[in-house]
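A short write-up of the structure that comes next.
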Amino acid sequence: MLKIENISVGILSDGTAMPIVRDVSLSIAQGEALGVVGESGSGKSLTAQSVARMYQSPLTILGGRVELDGIDLTKLSERELHALRGKAVSYVFQDPLNALNPTRTIGQHLLDVIRRHTPEGPREARSRAVEVLRSVGITQPEERMRAYPHQLSGGMRQRVLIAMGLVCVPKLLIADEPTTALDVTVQARIIDLFRDIQRRGISLLFISHNLDLVLEFCDSVAVMYGGRVVERGTAEEIGREARHPYTAALMSCIPRIENKTETLKVIPGSPPVGIDKVQGCPFAARCERVQDQCWQEMPPIERLSETHELSCWNPIPGGRAN
Ligand SMILES: Nc1ncnc2c1ncn2[C@@H]1O[C@H](COP(=O)(O)OP(=O)(O)OP(=O)(O)O)[C@@H](O)[C@H]1O
Ligand code: SF4
Ligand SMILES: [Mg+2]
């Protein structure tokens, strides 16, 4: 359904391309959830924003294709893409308070989206809005339509944003860290909601820095570092047989009940930020398995199975021991 092929996003200056996101390839089937994980600055949001060109200038697509149901979105005009956003592809952003206009009611927010994408009259649009609020678990939806964003809790506001993303029944919902600002119990309820959305046949691109959460509910996982996908596979493959040292390092940062006496590991060093001029592997400075070649050349993408891919010169042999 969604196929991202070798997409690069960056800045074009005096004819020179300066990539930030490099050669990223991902795919999501209908009704499937793909989780994209990585530390801050790894390029998760830019990759997601490249789908419907949601990034800010001066960023631009430097190469690659984004195919949605056979149509290459990189070839569409701004007008054609505008018609698609909120309809075929919807985004749910991290911060519900900033994403909602404080002077407009929840109902007005939803009706704006419906008006933009459907020819429905006021009565039909209203009942569609009420129904979508109900479907995301908002009680007394008729009343909530009249509420302003500040009158709702953080979890409720996140549900409203998800409802706005769903109201025109998209093929693909892109959720960028939708649970980060929420406490753990509210987070769990929002994840249940995403499971329900998946069951409706909507595909999900779910961005998170929380590998544990992604492994728990996504079908497949892409691990990003320094603007590249360094490992991807099914959740099962990544959970049991991660081969990339960065994936393994992220995994050892997950608190586990059975290891409660062990101190939580921290990956030493910090990730590269912005335009990276490093020739070799961007993880080299922090990697326990680094060897000479890693500093010289970017590791190519190697296919381990139909679904499992890896970019590393010296991967963990036979998978990460759990
Ligand atoms: N408009 C822009 N101009 C220049 N650089 C940018 C722009 N937007 C993002 N970047 C840089 O691109 C890199 C990747 O950014 P991105 O927002 O995709 O990271 P992320 O993985 O989503 O991080 P986070 O977890 O903090 O949201 C970052 O280093 C960021 O500084
Ligand atoms: S290529 Fe080298 S530095 Fe990069 S992750 Fe693999 S072993 Fe580590
Ligand atoms: Mg981000």
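Going through the structure tokens in order, the chains are called A, B, and so on, while each chain numbers its residues from 1 and the ligands are numbered from 1 in the order shown.
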Given only C-alpha atoms and all ligand atoms, how would the per-residue table for chain A near ligand 3 read, listing every residue at most 10 Å away with its closest atom pair and distance in Å to one decimal, sorted by chain and number, as JSON lines?
{"residue": "A:Val37", "atom": "CA", "partner": "ligand 3", "partner_atom_place_in_ligand_line": "1 (Mg)", "distance": 9.9}
{"residue": "A:Gly38", "atom": "CA", "partner": "ligand 3", "partner_atom_place_in_ligand_line": "1 (Mg)", "distance": 9.5}
{"residue": "A:Glu39", "atom": "CA", "partner": "ligand 3", "partner_atom_place_in_ligand_line": "1 (Mg)", "distance": 9.1}
{"residue": "A:Ser40", "atom": "CA", "partner": "ligand 3", "partner_atom_place_in_ligand_line": "1 (Mg)", "distance": 6.8}
{"residue": "A:Gly41", "atom": "CA", "partner": "ligand 3", "partner_atom_place_in_ligand_line": "1 (Mg)", "distance": 7.0}
{"residue": "A:Ser42", "atom": "CA", "partner": "ligand 3", "partner_atom_place_in_ligand_line": "1 (Mg)", "distance": 8.2}
{"residue": "A:Gly43", "atom": "CA", "partner": "ligand 3", "partner_atom_place_in_ligand_line": "1 (Mg)", "distance": 7.0}
{"residue": "A:Lys44", "atom": "CA", "partner": "ligand 3", "partner_atom_place_in_ligand_line": "1 (Mg)", "distance": 5.6}
{"residue": "A:Ser45", "atom": "CA", "partner": "ligand 3", "partner_atom_place_in_ligand_line": "1 (Mg)", "distance": 4.1}
{"residue": "A:Leu46", "atom": "CA", "partner": "ligand 3", "partner_atom_place_in_ligand_line": "1 (Mg)", "distance": 7.2}
{"residue": "A:Thr47", "atom": "CA", "partner": "ligand 3", "partner_atom_place_in_ligand_line": "1 (Mg)", "distance": 9.3}
{"residue": "A:Ala48", "atom": "CA", "partner": "ligand 3", "partner_atom_place_in_ligand_line": "1 (Mg)", "distance": 8.9}
{"residue": "A:Gln49", "atom": "CA", "partner": "ligand 3", "partner_atom_place_in_ligand_line": "1 (Mg)", "distance": 9.6}
{"residue": "A:Phe93", "atom": "CA", "partner": "ligand 3", "partner_atom_place_in_ligand_line": "1 (Mg)", "distance": 9.2}
{"residue": "A:Gln94", "atom": "CA", "partner": "ligand 3", "partner_atom_place_in_ligand_line": "1 (Mg)", "distance": 8.5}
{"residue": "A:Asp176", "atom": "CA", "partner": "ligand 3", "partner_atom_place_in_ligand_line": "1 (Mg)", "distance": 6.6}
{"residue": "A:Glu177", "atom": "CA", "partner": "ligand 3", "partner_atom_place_in_ligand_line": "1 (Mg)", "distance": 7.3}
{"residue": "A:Ile207", "atom": "CA", "partner": "ligand 3", "partner_atom_place_in_ligand_line": "1 (Mg)", "distance": 7.7}
{"residue": "A:Ser208", "atom": "CA", "partner": "ligand 3", "partner_atom_place_in_ligand_line": "1 (Mg)", "distance": 8.2}
{"residue": "A:His209", "atom": "CA", "partner": "ligand 3", "partner_atom_place_in_ligand_line": "1 (Mg)", "distance": 8.9}
**Asked** What's the 9 Å shell around A:Gly70, counting only C-alpha atoms, without same-chain residues fewer than 4 positions away, as a VMD selection string?
**Response** chain A and resid 1 to 3
**Prompt:** Just asking: which residues within stretch 151-255 of chain A are strand (DSSP E or B) according to DSSP, as a ChimeraX atom specification?
**Reply:** /A:172-176,203-208,220-225,228-234
Write out the residues from the selection above, keeping N, CA and C atoms, as a PDB file, in the first residue's frame.
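Final output, selection-v8.pdb:
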ATOM      1  N   LEU A 172      -3.927   5.757   5.251  1.00  0.00           N
ATOM      2  CA  LEU A 172      -2.724   5.719   6.083  1.00  0.00           C
ATOM      3  C   LEU A 172      -2.797   6.807   7.150  1.00  0.00           C
ATOM      4  N   LEU A 173      -2.574   6.406   8.396  1.00  0.00           N
ATOM      5  CA  LEU A 173      -2.523   7.371   9.491  1.00  0.00           C
ATOM      6  C   LEU A 173      -1.084   7.417  10.001  1.00  0.00           C
ATOM      7  N   ILE A 174      -0.505   8.609   9.984  1.00  0.00           N
ATOM      8  CA  ILE A 174       0.871   8.761  10.469  1.00  0.00           C
ATOM      9  C   ILE A 174       0.800   9.420  11.830  1.00  0.00           C
ATOM     10  N   ALA A 175       1.269   8.721  12.849  1.00  0.00           N
ATOM     11  CA  ALA A 175       1.189   9.254  14.210  1.00  0.00           C
ATOM     12  C   ALA A 175       2.614   9.499  14.718  1.00  0.00           C
ATOM     13  N   ASP A 176       2.950  10.776  14.908  1.00  0.00           N
ATOM     14  CA  ASP A 176       4.308  11.144  15.307  1.00  0.00           C
ATOM     15  C   ASP A 176       4.359  11.321  16.823  1.00  0.00           C
ATOM     16  N   SER A 203      -3.842   1.643   7.605  1.00  0.00           N
ATOM     17  CA  SER A 203      -2.420   1.382   7.870  1.00  0.00           C
ATOM     18  C   SER A 203      -1.869   2.470   8.793  1.00  0.00           C
ATOM     19  N   LEU A 204      -0.886   2.082   9.591  1.00  0.00           N
ATOM     20  CA  LEU A 204      -0.339   3.017  10.580  1.00  0.00           C
ATOM     21  C   LEU A 204       1.164   3.156  10.441  1.00  0.00           C
ATOM     22  N   LEU A 205       1.631   4.399  10.411  1.00  0.00           N
ATOM     23  CA  LEU A 205       3.069   4.625  10.542  1.00  0.00           C
ATOM     24  C   LEU A 205       3.216   5.298  11.911  1.00  0.00           C
ATOM     25  N   PHE A 206       3.810   4.577  12.835  1.00  0.00           N
ATOM     26  CA  PHE A 206       3.814   5.001  14.233  1.00  0.00           C
ATOM     27  C   PHE A 206       5.245   5.352  14.642  1.00  0.00           C
ATOM     28  N   ILE A 207       5.460   6.622  14.968  1.00  0.00           N
ATOM     29  CA  ILE A 207       6.819   7.053  15.328  1.00  0.00           C
ATOM     30  C   ILE A 207       6.950   7.121  16.840  1.00  0.00           C
ATOM     31  N   SER A 208       8.060   6.590  17.331  1.00  0.00           N
ATOM     32  CA  SER A 208       8.252   6.623  18.772  1.00  0.00           C
ATOM     33  C   SER A 208       9.733   6.494  19.095  1.00  0.00           C
ATOM     34  N   SER A 220       5.754  -4.450  12.073  1.00  0.00           N
ATOM     35  CA  SER A 220       7.160  -4.380  11.689  1.00  0.00           C
ATOM     36  C   SER A 220       7.785  -3.112  12.268  1.00  0.00           C
ATOM     37  N   VAL A 221       9.123  -3.120  12.275  1.00  0.00           N
ATOM     38  CA  VAL A 221       9.854  -2.056  12.966  1.00  0.00           C
ATOM     39  C   VAL A 221      11.017  -1.598  12.085  1.00  0.00           C
ATOM     40  N   ALA A 222      11.214  -0.277  12.013  1.00  0.00           N
ATOM     41  CA  ALA A 222      12.409   0.268  11.349  1.00  0.00           C
ATOM     42  C   ALA A 222      13.174   1.061  12.397  1.00  0.00           C
ATOM     43  N   VAL A 223      14.458   0.765  12.532  1.00  0.00           N
ATOM     44  CA  VAL A 223      15.287   1.481  13.505  1.00  0.00           C
ATOM     45  C   VAL A 223      16.117   2.505  12.743  1.00  0.00           C
ATOM     46  N   MET A 224      15.994   3.779  13.127  1.00  0.00           N
ATOM     47  CA  MET A 224      16.727   4.834  12.413  1.00  0.00           C
ATOM     48  C   MET A 224      17.865   5.380  13.251  1.00  0.00           C
ATOM     49  N   TYR A 225      18.950   5.721  12.573  1.00  0.00           N
ATOM     50  CA  TYR A 225      20.075   6.370  13.238  1.00  0.00           C
ATOM     51  C   TYR A 225      20.774   7.261  12.213  1.00  0.00           C
ATOM     52  N   ARG A 228      19.352   7.432   8.643  1.00  0.00           N
ATOM     53  CA  ARG A 228      19.237   6.205   7.828  1.00  0.00           C
ATOM     54  C   ARG A 228      18.479   5.129   8.610  1.00  0.00           C
ATOM     55  N   VAL A 229      17.902   4.190   7.852  1.00  0.00           N
ATOM     56  CA  VAL A 229      17.340   3.016   8.518  1.00  0.00           C
ATOM     57  C   VAL A 229      18.497   2.035   8.668  1.00  0.00           C
ATOM     58  N   VAL A 230      18.862   1.703   9.905  1.00  0.00           N
ATOM     59  CA  VAL A 230      20.017   0.820  10.109  1.00  0.00           C
ATOM     60  C   VAL A 230      19.595  -0.647  10.229  1.00  0.00           C
ATOM     61  N   GLU A 231      18.343  -0.876  10.637  1.00  0.00           N
ATOM     62  CA  GLU A 231      17.837  -2.247  10.672  1.00  0.00           C
ATOM     63  C   GLU A 231      16.322  -2.199  10.551  1.00  0.00           C
ATOM     64  N   ARG A 232      15.774  -3.123   9.797  1.00  0.00           N
ATOM     65  CA  ARG A 232      14.316  -3.233   9.817  1.00  0.00           C
ATOM     66  C   ARG A 232      13.916  -4.693   9.666  1.00  0.00           C
ATOM     67  N   GLY A 233      12.752  -5.000  10.198  1.00  0.00           N
ATOM     68  CA  GLY A 233      12.272  -6.370  10.141  1.00  0.00           C
ATOM     69  C   GLY A 233      10.911  -6.460  10.787  1.00  0.00           C
ATOM     70  N   THR A 234      10.388  -7.684  10.880  1.00  0.00           N
ATOM     71  CA  THR A 234       9.124  -7.842  11.598  1.00  0.00           C
ATOM     72  C   THR A 234       9.413  -7.598  13.081  1.00  0.00           C
TER      73      THR A 234
END
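You can rank A:Asp183, A:Glu297, A:Glu67, A:Glu32 by their closest distance to ligand 2 using only C-alpha atoms and all ligand atoms, and at the top of that list sits A:Glu297.
Between atom CA of A:Ala129 and atom CA of A:Arg116 there is a distance of 13.4 Å.
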**Request:** In Å, rounded to a single decimal, give me how far atom CA of A:Gly201 is from atom CA of A:Leu97.
**Result:**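 Interatomic distance here is 28.3 Å.
Among A:Thr74, A:Ser127, A:Asn210, A:Thr118, the residue with the shortest atom-to-atom distance to ligand 1, counting only C-alpha atoms and all ligand atoms, is A:Asn210.
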**Request:** Would you please work out which residue, of A:Leu59, A:Ile11, A:Asp95, A:Ile106, is nearest to A:Pro141 when using only C-alpha atoms?
**Result:**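 Using only C-alpha atoms, the shortest distance to A:Pro141 belongs to A:Ile106.
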**Request:** Enumerate the residues of stretch 186-285 of chain A with a DSSP assignment of helix (DSSP H, G or I), computed from the backbone, and present them as an MDAnalysis selection string.
**Result:** chainID A and resid 186:199 211:217 235:241 245:252 257:259 284:285
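With a cut-off of 6 Å and using only C-alpha atoms and all ligand atoms, the polymer residues contacting ligand 2 are Pro245, Cys281, Phe283, Ala284, Cys287, Arg289, Val290, Gln291, Cys294, Pro299, Cys312, Trp313, Asn314 and Pro315 of chain A.
Within the 10 Å cut-off around A:Glu236, using only C-alpha atoms and omitting residues fewer than 6 positions from it on the same chain, the listed residues are Leu215, Glu216, Cys218, Asp219, Ser220, Val221 and Ala242 of chain A.
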**Prompt:** Between A:Ile4, A:Glu78, A:Gly239, A:Arg53, which has the minimum distance to ligand 1 (counting only C-alpha atoms and all ligand atoms)?
**Reply:**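 Between A:Ile4, A:Glu78, A:Gly239, A:Arg53, the residue approaching ligand 1 most closely is A:Arg53.
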**Item:** Straight-line distance linking atom CA of A:Glu120 with atom CA of A:Val167, stated in Å to one decimal
**Value:**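 Result for atom CA of A:Glu120 versus atom CA of A:Val167: 12.5 Å, one decimal.
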**Complete:** Of A:Arg303, A:Tyr55, A:Ile7, A:Cys168, the one sitting nearest ligand 1 when using only C-alpha atoms and all ligand atoms is A:Tyr55
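Closest approach to A:Gly31 from the set A:Ile202, A:Met54, A:Ala235, A:Ala285 is made by A:Ile202, with distances taken over only C-alpha atoms.
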